[in-house]
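Okay, my_file38.txt is below, compact mmCIF, C-alpha atoms and all ligand atoms:
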# COMPACT_ATOMS: atom_id res chain seq x y z
CA MET T 1 15.78 3.41 -11.19
CA VAL T 2 13.72 6.12 -12.85
CA ASP T 3 13.24 5.23 -16.51
CA GLU T 4 12.65 8.76 -17.67
CA LEU T 5 11.41 12.13 -16.51
CA VAL T 6 9.12 12.76 -19.47
CA PRO T 7 5.61 11.40 -18.90
CA ARG T 8 4.37 8.61 -21.13
CA LYS T 9 0.74 8.17 -22.08
CA VAL T 10 -1.53 5.62 -20.48
CA CYS T 11 -5.19 4.94 -21.11
CA VAL T 12 -7.58 4.25 -18.23
CA GLU T 13 -8.96 0.79 -19.03
CA SER T 14 -11.33 0.46 -16.11
CA ILE T 15 -12.38 2.26 -12.94
CA LYS T 16 -13.63 0.40 -9.90
CA ASP T 17 -15.36 1.99 -6.94
CA GLU T 18 -13.70 0.56 -3.83
CA THR T 19 -15.53 2.84 -1.37
CA TRP T 20 -17.39 6.15 -1.59
CA ASP T 21 -14.05 8.04 -1.75
CA ILE T 22 -11.56 5.49 -3.16
CA LYS T 23 -11.39 4.22 -6.75
CA THR T 24 -9.01 1.78 -8.41
CA PHE T 25 -7.81 2.84 -11.86
CA ARG T 26 -6.43 0.21 -14.20
CA VAL T 27 -4.16 1.73 -16.86
CA SER T 28 -2.49 0.43 -20.01
CA PHE T 29 0.50 2.02 -21.69
CA LEU T 30 -0.18 3.61 -25.08
CA GLU T 31 3.50 4.03 -25.91
CA GLY T 32 5.99 1.18 -25.55
CA GLU T 33 6.26 -1.42 -22.81
CA PRO T 34 5.20 -0.62 -19.23
CA PHE T 35 8.15 0.15 -16.96
CA SER T 36 9.11 -2.58 -14.53
CA TYR T 37 8.76 -1.94 -10.81
CA LEU T 38 8.84 -3.49 -7.36
CA PRO T 39 6.01 -3.68 -4.84
CA GLY T 40 6.11 -0.47 -2.80
CA GLN T 41 7.40 1.73 -5.60
CA CYS T 42 5.48 4.80 -6.77
CA ALA T 43 4.68 6.56 -10.02
CA MET T 44 3.81 10.12 -10.94
CA LEU T 45 0.40 10.39 -12.59
CA SER T 46 -0.60 13.53 -14.46
CA MET T 47 -3.79 14.89 -15.91
CA PRO T 48 -3.61 17.62 -18.54
CA ALA T 49 -4.56 21.08 -17.25
CA VAL T 50 -5.02 19.76 -13.71
CA GLY T 51 -1.65 18.66 -12.35
CA GLU T 52 0.42 15.68 -11.30
CA ALA T 53 1.10 13.80 -8.10
CA MET T 54 2.87 10.74 -6.78
CA PHE T 55 0.88 7.59 -6.04
CA SER T 56 1.94 4.18 -4.85
CA ILE T 57 1.40 1.44 -7.41
CA THR T 58 -1.34 -0.81 -6.09
CA SER T 59 -0.92 -3.73 -8.46
CA SER T 60 1.76 -6.38 -8.16
CA PRO T 61 4.45 -6.38 -10.86
CA THR T 62 3.51 -10.03 -11.38
CA ARG T 63 0.15 -8.91 -12.76
CA THR T 64 -0.91 -6.57 -15.53
CA PRO T 65 -2.28 -4.03 -16.21
CA MET T 66 -0.93 -1.58 -13.66
CA GLU T 67 -3.37 -0.31 -11.03
CA PHE T 68 -3.61 2.70 -8.73
CA SER T 69 -6.07 2.96 -5.86
CA ILE T 70 -6.65 6.63 -5.20
CA LYS T 71 -8.51 8.40 -2.44
CA LYS T 72 -10.30 11.67 -3.16
CA VAL T 73 -8.35 14.24 -1.14
CA GLY T 74 -7.76 17.32 -3.32
CA LYS T 75 -7.75 18.96 -6.74
CA LEU T 76 -6.04 16.24 -8.78
CA THR T 77 -7.66 13.29 -7.01
CA ASP T 78 -11.09 15.00 -7.22
CA ALA T 79 -10.52 15.38 -10.97
CA LEU T 80 -9.39 11.75 -11.29
CA HIS T 81 -12.57 10.64 -9.57
CA MET T 82 -14.56 12.45 -12.29
CA ILE T 83 -12.87 10.83 -15.31
CA GLU T 84 -14.29 7.96 -17.31
CA LYS T 85 -12.88 4.86 -18.91
CA GLY T 86 -10.79 5.77 -21.97
CA GLN T 87 -9.27 8.92 -20.44
CA GLU T 88 -5.60 9.47 -21.25
CA LEU T 89 -3.20 10.24 -18.40
CA GLY T 90 0.54 10.83 -18.17
CA ILE T 91 2.75 8.52 -16.15
CA ARG T 92 6.41 8.46 -15.15
CA GLY T 93 8.33 6.25 -12.82
CA PRO T 94 9.02 4.12 -10.99
CA TYR T 95 10.19 6.04 -7.91
CA GLY T 96 11.49 4.89 -4.53
CA ASN T 97 13.11 1.72 -3.31
CA GLY T 98 10.21 -0.74 -2.92
CA PHE T 99 9.84 -3.57 -0.41
CA PRO T 100 12.81 -5.92 0.21
CA VAL T 101 11.32 -8.90 -1.66
CA GLU T 102 14.60 -10.84 -1.65
CA ASP T 103 15.35 -10.39 2.06
CA MET T 104 11.80 -11.52 2.77
CA GLN T 105 12.34 -14.95 1.24
CA GLY T 106 11.77 -17.87 3.61
CA LYS T 107 10.07 -15.66 6.21
CA ASP T 108 6.49 -15.62 7.48
CA LEU T 109 4.84 -12.33 6.58
CA LEU T 110 2.50 -10.26 8.70
CA PHE T 111 0.69 -7.40 6.95
CA ILE T 112 -1.13 -4.77 9.02
CA GLY T 113 -3.09 -2.20 7.05
CA GLY T 114 -5.56 0.55 7.82
CA GLY T 115 -7.89 2.25 5.32
CA ILE T 116 -6.25 3.16 2.01
CA GLY T 117 -2.93 2.11 3.61
CA LEU T 118 -3.68 -1.36 2.30
CA ALA T 119 -2.96 -0.08 -1.24
CA PRO T 120 0.86 -0.38 -1.22
CA LEU T 121 0.63 -3.55 0.90
CA ARG T 122 -1.75 -5.09 -1.65
CA SER T 123 1.03 -4.92 -4.26
CA LEU T 124 3.33 -6.85 -1.93
CA ILE T 125 0.63 -9.29 -0.79
CA ASN T 126 -0.22 -10.27 -4.37
CA TYR T 127 3.48 -10.44 -5.23
CA SER T 128 4.04 -12.85 -2.30
CA LEU T 129 1.04 -14.93 -3.34
CA ASP T 130 2.29 -15.12 -6.93
CA ASN T 131 5.69 -16.30 -5.61
CA ARG T 132 4.09 -18.50 -2.96
CA ASP T 133 7.00 -20.96 -2.63
CA ASP T 134 9.42 -18.16 -1.70
CA TYR T 135 7.53 -17.09 1.42
CA GLY T 136 6.12 -18.72 4.55
CA ASP T 137 2.74 -18.19 6.19
CA ILE T 138 0.93 -14.97 5.36
CA ASN T 139 -1.17 -13.18 7.94
CA ILE T 140 -3.18 -10.13 6.88
CA VAL T 141 -4.70 -7.86 9.52
CA TYR T 142 -6.81 -5.04 8.13
CA GLY T 143 -9.12 -2.40 9.54
CA ALA T 144 -11.17 0.55 8.33
CA ARG T 145 -13.43 3.09 9.96
CA SER T 146 -16.63 1.30 8.94
CA PRO T 147 -17.72 -1.62 6.76
CA GLU T 148 -18.32 0.75 3.86
CA ASP T 149 -14.72 2.02 4.13
CA LEU T 150 -13.16 -1.43 3.54
CA VAL T 151 -11.17 -1.57 0.29
CA PHE T 152 -10.37 -4.60 -1.95
CA LYS T 153 -13.30 -6.54 -0.48
CA ASP T 154 -13.21 -9.29 -3.11
CA GLU T 155 -9.59 -10.06 -2.25
CA LEU T 156 -9.96 -9.66 1.53
CA PHE T 157 -13.06 -11.81 1.87
CA ASP T 158 -12.80 -14.24 -1.06
CA LYS T 159 -9.50 -14.48 -2.93
CA TRP T 160 -6.78 -14.16 -0.30
CA PRO T 161 -8.25 -16.58 2.26
CA GLU T 162 -8.44 -19.23 -0.51
CA TYR T 163 -4.64 -19.60 -0.58
CA ASP T 164 -2.94 -22.20 1.63
CA ASN T 165 -1.51 -20.83 4.87
CA VAL T 166 -3.01 -17.40 4.41
CA LYS T 167 -5.09 -15.93 7.23
CA VAL T 168 -7.07 -12.72 6.92
CA ASP T 169 -8.47 -10.89 9.96
CA ILE T 170 -10.63 -7.83 9.47
CA THR T 171 -11.95 -5.28 11.94
CA VAL T 172 -13.86 -2.01 11.73
CA ASP T 173 -13.75 0.92 14.14
CA GLU T 174 -17.54 1.09 14.13
CA GLY T 175 -19.91 -1.61 12.92
CA ASP T 176 -23.34 -1.29 11.36
CA GLU T 177 -26.28 -3.58 10.59
CA THR T 178 -24.34 -5.21 7.70
CA TRP T 179 -21.38 -6.17 9.91
CA ASP T 180 -21.14 -9.14 12.24
CA GLY T 181 -17.33 -9.28 12.37
CA PRO T 182 -14.88 -7.86 14.94
CA VAL T 183 -15.19 -4.22 15.99
CA GLY T 184 -12.24 -2.27 17.40
CA PHE T 185 -9.12 -0.35 16.42
CA VAL T 186 -6.37 -2.14 14.53
CA PRO T 187 -3.63 -1.99 17.23
CA GLN T 188 -5.87 -3.53 19.92
CA PHE T 189 -7.21 -6.07 17.44
CA LEU T 190 -3.64 -6.99 16.55
CA GLU T 191 -2.76 -7.50 20.21
CA GLU T 192 -5.79 -9.75 20.66
CA LEU T 193 -4.68 -11.84 17.67
CA ASN T 194 -1.16 -11.80 19.12
CA PRO T 195 0.82 -13.16 16.13
CA THR T 196 4.14 -14.42 17.44
CA PRO T 197 7.28 -12.70 16.14
CA GLU T 198 9.38 -15.83 15.51
CA GLY T 199 10.55 -16.03 11.89
CA LYS T 200 8.24 -13.19 10.92
CA LEU T 201 8.53 -9.81 9.19
CA ALA T 202 5.79 -7.25 9.87
CA PHE T 203 4.71 -4.70 7.27
CA THR T 204 2.42 -1.86 8.23
CA CYS T 205 0.81 1.02 6.38
CA GLY T 206 -2.15 3.22 7.23
CA PRO T 207 -2.99 6.47 8.98
CA PRO T 208 0.00 7.83 10.97
CA ILE T 209 -1.75 7.45 14.30
CA MET T 210 -2.53 3.82 13.51
CA ILE T 211 1.07 3.10 12.52
CA LYS T 212 2.40 4.64 15.74
CA PHE T 213 0.17 2.43 17.88
CA VAL T 214 0.69 -0.64 15.69
CA VAL T 215 4.45 -0.21 16.09
CA GLN T 216 4.03 0.05 19.88
CA SER T 217 1.88 -3.09 19.87
CA LEU T 218 4.38 -4.99 17.73
CA GLU T 219 7.24 -4.02 20.02
CA LYS T 220 5.17 -5.05 23.03
CA MET T 221 4.66 -8.45 21.36
CA GLY T 222 8.41 -8.84 20.93
CA TYR T 223 9.00 -7.69 17.34
CA LYS T 224 12.42 -6.08 16.90
CA LYS T 225 12.75 -2.78 15.03
CA ASP T 226 14.56 -4.38 12.09
CA LYS T 227 11.62 -6.75 11.59
CA ILE T 228 9.03 -3.95 11.34
CA ILE T 229 8.78 -2.34 7.92
CA THR T 230 6.65 0.60 6.84
CA THR T 231 6.31 2.87 3.84
CA LEU T 232 6.22 6.65 4.03
CA GLU T 233 5.14 7.02 0.43
CA LYS T 234 2.74 9.85 1.16
CA LYS T 235 5.79 12.09 1.76
CA MET T 236 7.01 11.50 -1.81
CA LYS T 237 6.53 14.67 -3.86
CA CYS T 238 9.07 15.22 -6.66
CA GLY T 239 10.53 11.77 -6.07
CA ILE T 240 14.04 12.72 -7.18
CA GLY T 241 15.59 14.67 -4.31
CA LYS T 242 14.88 18.13 -5.78
CA CYS T 243 11.96 19.69 -3.91
CA GLY T 244 13.27 19.29 -0.36
CA ARG T 245 9.83 18.34 0.96
CA CYS T 246 10.42 14.80 2.08
CA ASN T 247 13.27 14.78 4.56
CA VAL T 248 12.72 13.06 7.89
CA GLY T 249 15.67 13.43 10.24
CA SER T 250 18.73 12.55 8.21
CA LYS T 251 16.78 10.72 5.51
CA TYR T 252 15.22 11.77 2.23
CA ILE T 253 12.11 9.64 1.84
CA CYS T 254 12.32 9.76 -1.96
CA LEU T 255 15.99 8.81 -2.19
CA ASP T 256 16.37 6.47 0.81
CA GLY T 257 12.79 5.14 0.93
CA PRO T 258 9.83 5.29 0.95
CA VAL T 259 10.16 1.79 2.46
CA PHE T 260 12.08 1.68 5.75
CA SER T 261 12.52 -0.74 8.57
CA LEU T 262 11.97 0.92 11.93
CA ASP T 263 15.63 0.66 12.84
CA GLU T 264 16.53 2.72 9.75
CA LEU T 265 14.45 5.67 10.91
CA ASP T 266 15.66 8.00 13.66
CA ASP T 267 12.01 8.44 14.54
CA LEU T 268 8.65 8.21 12.83
CA PRO T 269 7.64 11.65 11.54
CA ASP T 270 4.48 13.18 13.07
CA ASP T 271 2.90 14.00 9.74
CA PHE T 272 3.81 11.10 7.47
S1 LIG T 301 10.21 14.16 -2.74
FE1 LIG T 301 11.22 15.97 -3.39
S2 LIG T 301 13.12 15.90 -2.33
FE2 LIG T 301 12.18 14.02 -1.86
Please re-express this file's structure in structure tokens.
Ligand code: FES
Amino acid sequence: MVDELVPRKVCVESIKDETWDIKTFRVSFLEGEPFSYLPGQCAMLSMPAVGEAMFSITSSPTRTPMEFSIKKVGKLTDALHMIEKGQELGIRGPYGNGFPVEDMQGKDLLFIGGGIGLAPLRSLINYSLDNRDDYGDINIVYGARSPEDLVFKDELFDKWPEYDNVKVDITVDEGDETWDGPVGFVPQFLEELNPTPEGKLAFTCGPPIMIKFVVQSLEKMGYKKDKIITTLEKKMKCGIGKCGRCNVGSKYICLDGPVFSLDELDDLPDDF
């Protein structure tokens, strides 16, 4: 549920460079308690005199402060990339349905992310790790264009593999002299790894073209549509069913999603 439509103030506590065009902003609420949220939900961030936009919440609700990992893609995100620690921003939310954390209980979890698409999955991954007894084995498959485009490196390479029954596999489209790991696109890499579908839910987020091929690969490996879950959070604009910019087939992404299992969608949109 949306707490309120009037933005509240947050202060940017820290800014971390993930890659040359992605930063993670850690924010603390200046007025009242932070709103509660689920992994996969979004919030509207605003910057005075610049504008506002919807972003998925990158942190897990089991951890504070709240974090947003934001790629530089336009006026507001360019401006956000220029701010410094201590900047005040507006925030409202949460928006959208979030991932089905209760239905996931007892299942093995397969996460497949590409580029900044790991941001909403990271919330769910850390949530699952913080509720470790509720979930089975965790398999994380992640890819980026190049080694310097990999996000959340400390978690991918150090923190996540430290947990019991967690496996992390990373690929890049193109290697360089710093990289001695796998090279290749995520869907092919996934097929080589060939994680079996039994007892497993698959979550995928990344560039649309990657998701389309990942879905094909998953189906080829025997995953049923109701076991493949994605988030279309980039289609969220107003977040409250008013702007008419998020419908896909018979669904409004902001009201029915942004998290859907494949069998809930008539078809994947071309431009999600
Ligand atoms: S985001 Fe505006 S109607 Fe859905």
Find the residues near ligand LIG 301 (chain T). Use a cut-off of 10 Å, count all atoms listed in the file, and write them as an mmCIF file with C-alpha atoms, in the coordinates of the input.
data_model
loop_
_atom_site.group_PDB
_atom_site.id
_atom_site.type_symbol
_atom_site.label_atom_id
_atom_site.label_comp_id
_atom_site.auth_asym_id
_atom_site.auth_seq_id
_atom_site.Cartn_x
_atom_site.Cartn_y
_atom_site.Cartn_z
ATOM 1 C CA MET T 54 2.870 10.740 -6.780
ATOM 2 C CA TYR T 95 10.190 6.040 -7.910
ATOM 3 C CA GLY T 96 11.490 4.890 -4.530
ATOM 4 C CA GLU T 233 5.140 7.020 0.430
ATOM 5 C CA LYS T 234 2.740 9.850 1.160
ATOM 6 C CA LYS T 235 5.790 12.090 1.760
ATOM 7 C CA MET T 236 7.010 11.500 -1.810
ATOM 8 C CA LYS T 237 6.530 14.670 -3.860
ATOM 9 C CA CYS T 238 9.070 15.220 -6.660
ATOM 10 C CA GLY T 239 10.530 11.770 -6.070
ATOM 11 C CA ILE T 240 14.040 12.720 -7.180
ATOM 12 C CA GLY T 241 15.590 14.670 -4.310
ATOM 13 C CA LYS T 242 14.880 18.130 -5.780
ATOM 14 C CA CYS T 243 11.960 19.690 -3.910
ATOM 15 C CA GLY T 244 13.270 19.290 -0.360
ATOM 16 C CA ARG T 245 9.830 18.340 0.960
ATOM 17 C CA CYS T 246 10.420 14.800 2.080
ATOM 18 C CA ASN T 247 13.270 14.780 4.560
ATOM 19 C CA VAL T 248 12.720 13.060 7.890
ATOM 20 C CA LYS T 251 16.780 10.720 5.510
ATOM 21 C CA TYR T 252 15.220 11.770 2.230
ATOM 22 C CA ILE T 253 12.110 9.640 1.840
ATOM 23 C CA CYS T 254 12.320 9.760 -1.960
ATOM 24 C CA LEU T 255 15.990 8.810 -2.190
ATOM 25 C CA ASP T 256 16.370 6.470 0.810
ATOM 26 C CA GLY T 257 12.790 5.140 0.930
ATOM 27 C CA PRO T 258 9.830 5.290 0.950
#
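For Val214 (chain T), the residues within 9 Å (counting all atoms listed in the file, excluding itself and residues fewer than 2 positions away along the chain) are Ile112, Val186, Pro187, Gln188, Leu190, Glu191, Thr204, Ile209, Met210, Ile211, Lys212, Gln216, Ser217, Leu218 and Glu219 of chain T.
The space separating CA of Asp176 (chain T) from CA of Gly114 (chain T) comes to 18.2 Å.
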Mind checking which residues fall within 12 Å of Phe25 (chain T), counting all atoms listed in the file, ignoring those fewer than 5 positions away in the same chain, and posting them as JSON, numbers by chain?
{"T": [10, 11, 12, 13, 14, 15, 16, 17, 18, 45, 55, 57, 58, 59, 65, 66, 67, 68, 69, 70, 71, 77, 80, 81, 82, 83, 84, 85, 86, 87, 88, 89]}
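Nearest-residue note for Asp149 (chain T): choosing from T:Ile22, T:Leu201, T:Met47, T:Leu118, the minimum distance belongs to T:Ile22, counting all atoms listed in the file.
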Report as JSON lines the residues of region 153-227 of chain T within 10 Å of region 102-107 of chain T, each with its shortest atom pair and distance in Å (one decimal), using all atoms listed in the file, ordered by chain and increasing residue number.
{"residue": "T:Glu198", "atom": "CA", "partner": "T:Lys107", "partner_atom": "CA", "distance": 9.3}
{"residue": "T:Gly199", "atom": "CA", "partner": "T:Lys107", "partner_atom": "CA", "distance": 5.7}
{"residue": "T:Lys200", "atom": "CA", "partner": "T:Lys107", "partner_atom": "CA", "distance": 5.6}
{"residue": "T:Leu201", "atom": "CA", "partner": "T:Lys107", "partner_atom": "CA", "distance": 6.7}
note - CA of Glu192 (chain T) and CA of Gly117 (chain T) are separated by 21.0 Å
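Counting from CA of Asn139 (chain T), the distance to CA of Ile125 (chain T) is 9.7 Å.
Closest to Pro100 (chain T) among T:Thr230, T:Ser56, T:Ser250, T:Thr62 is T:Thr230, based on all atoms listed in the file.
Shortest separation to Asp137 (chain T) among T:Leu76, T:Val183, T:Val151, T:Ala202 occurs at residue T:Ala202, atoms counted being only C-alpha atoms.
Residue nearest Tyr135 (chain T), chosen from T:Asn194, T:Leu30, T:Val166, T:Glu52 and counting all atoms listed in the file: T:Val166.
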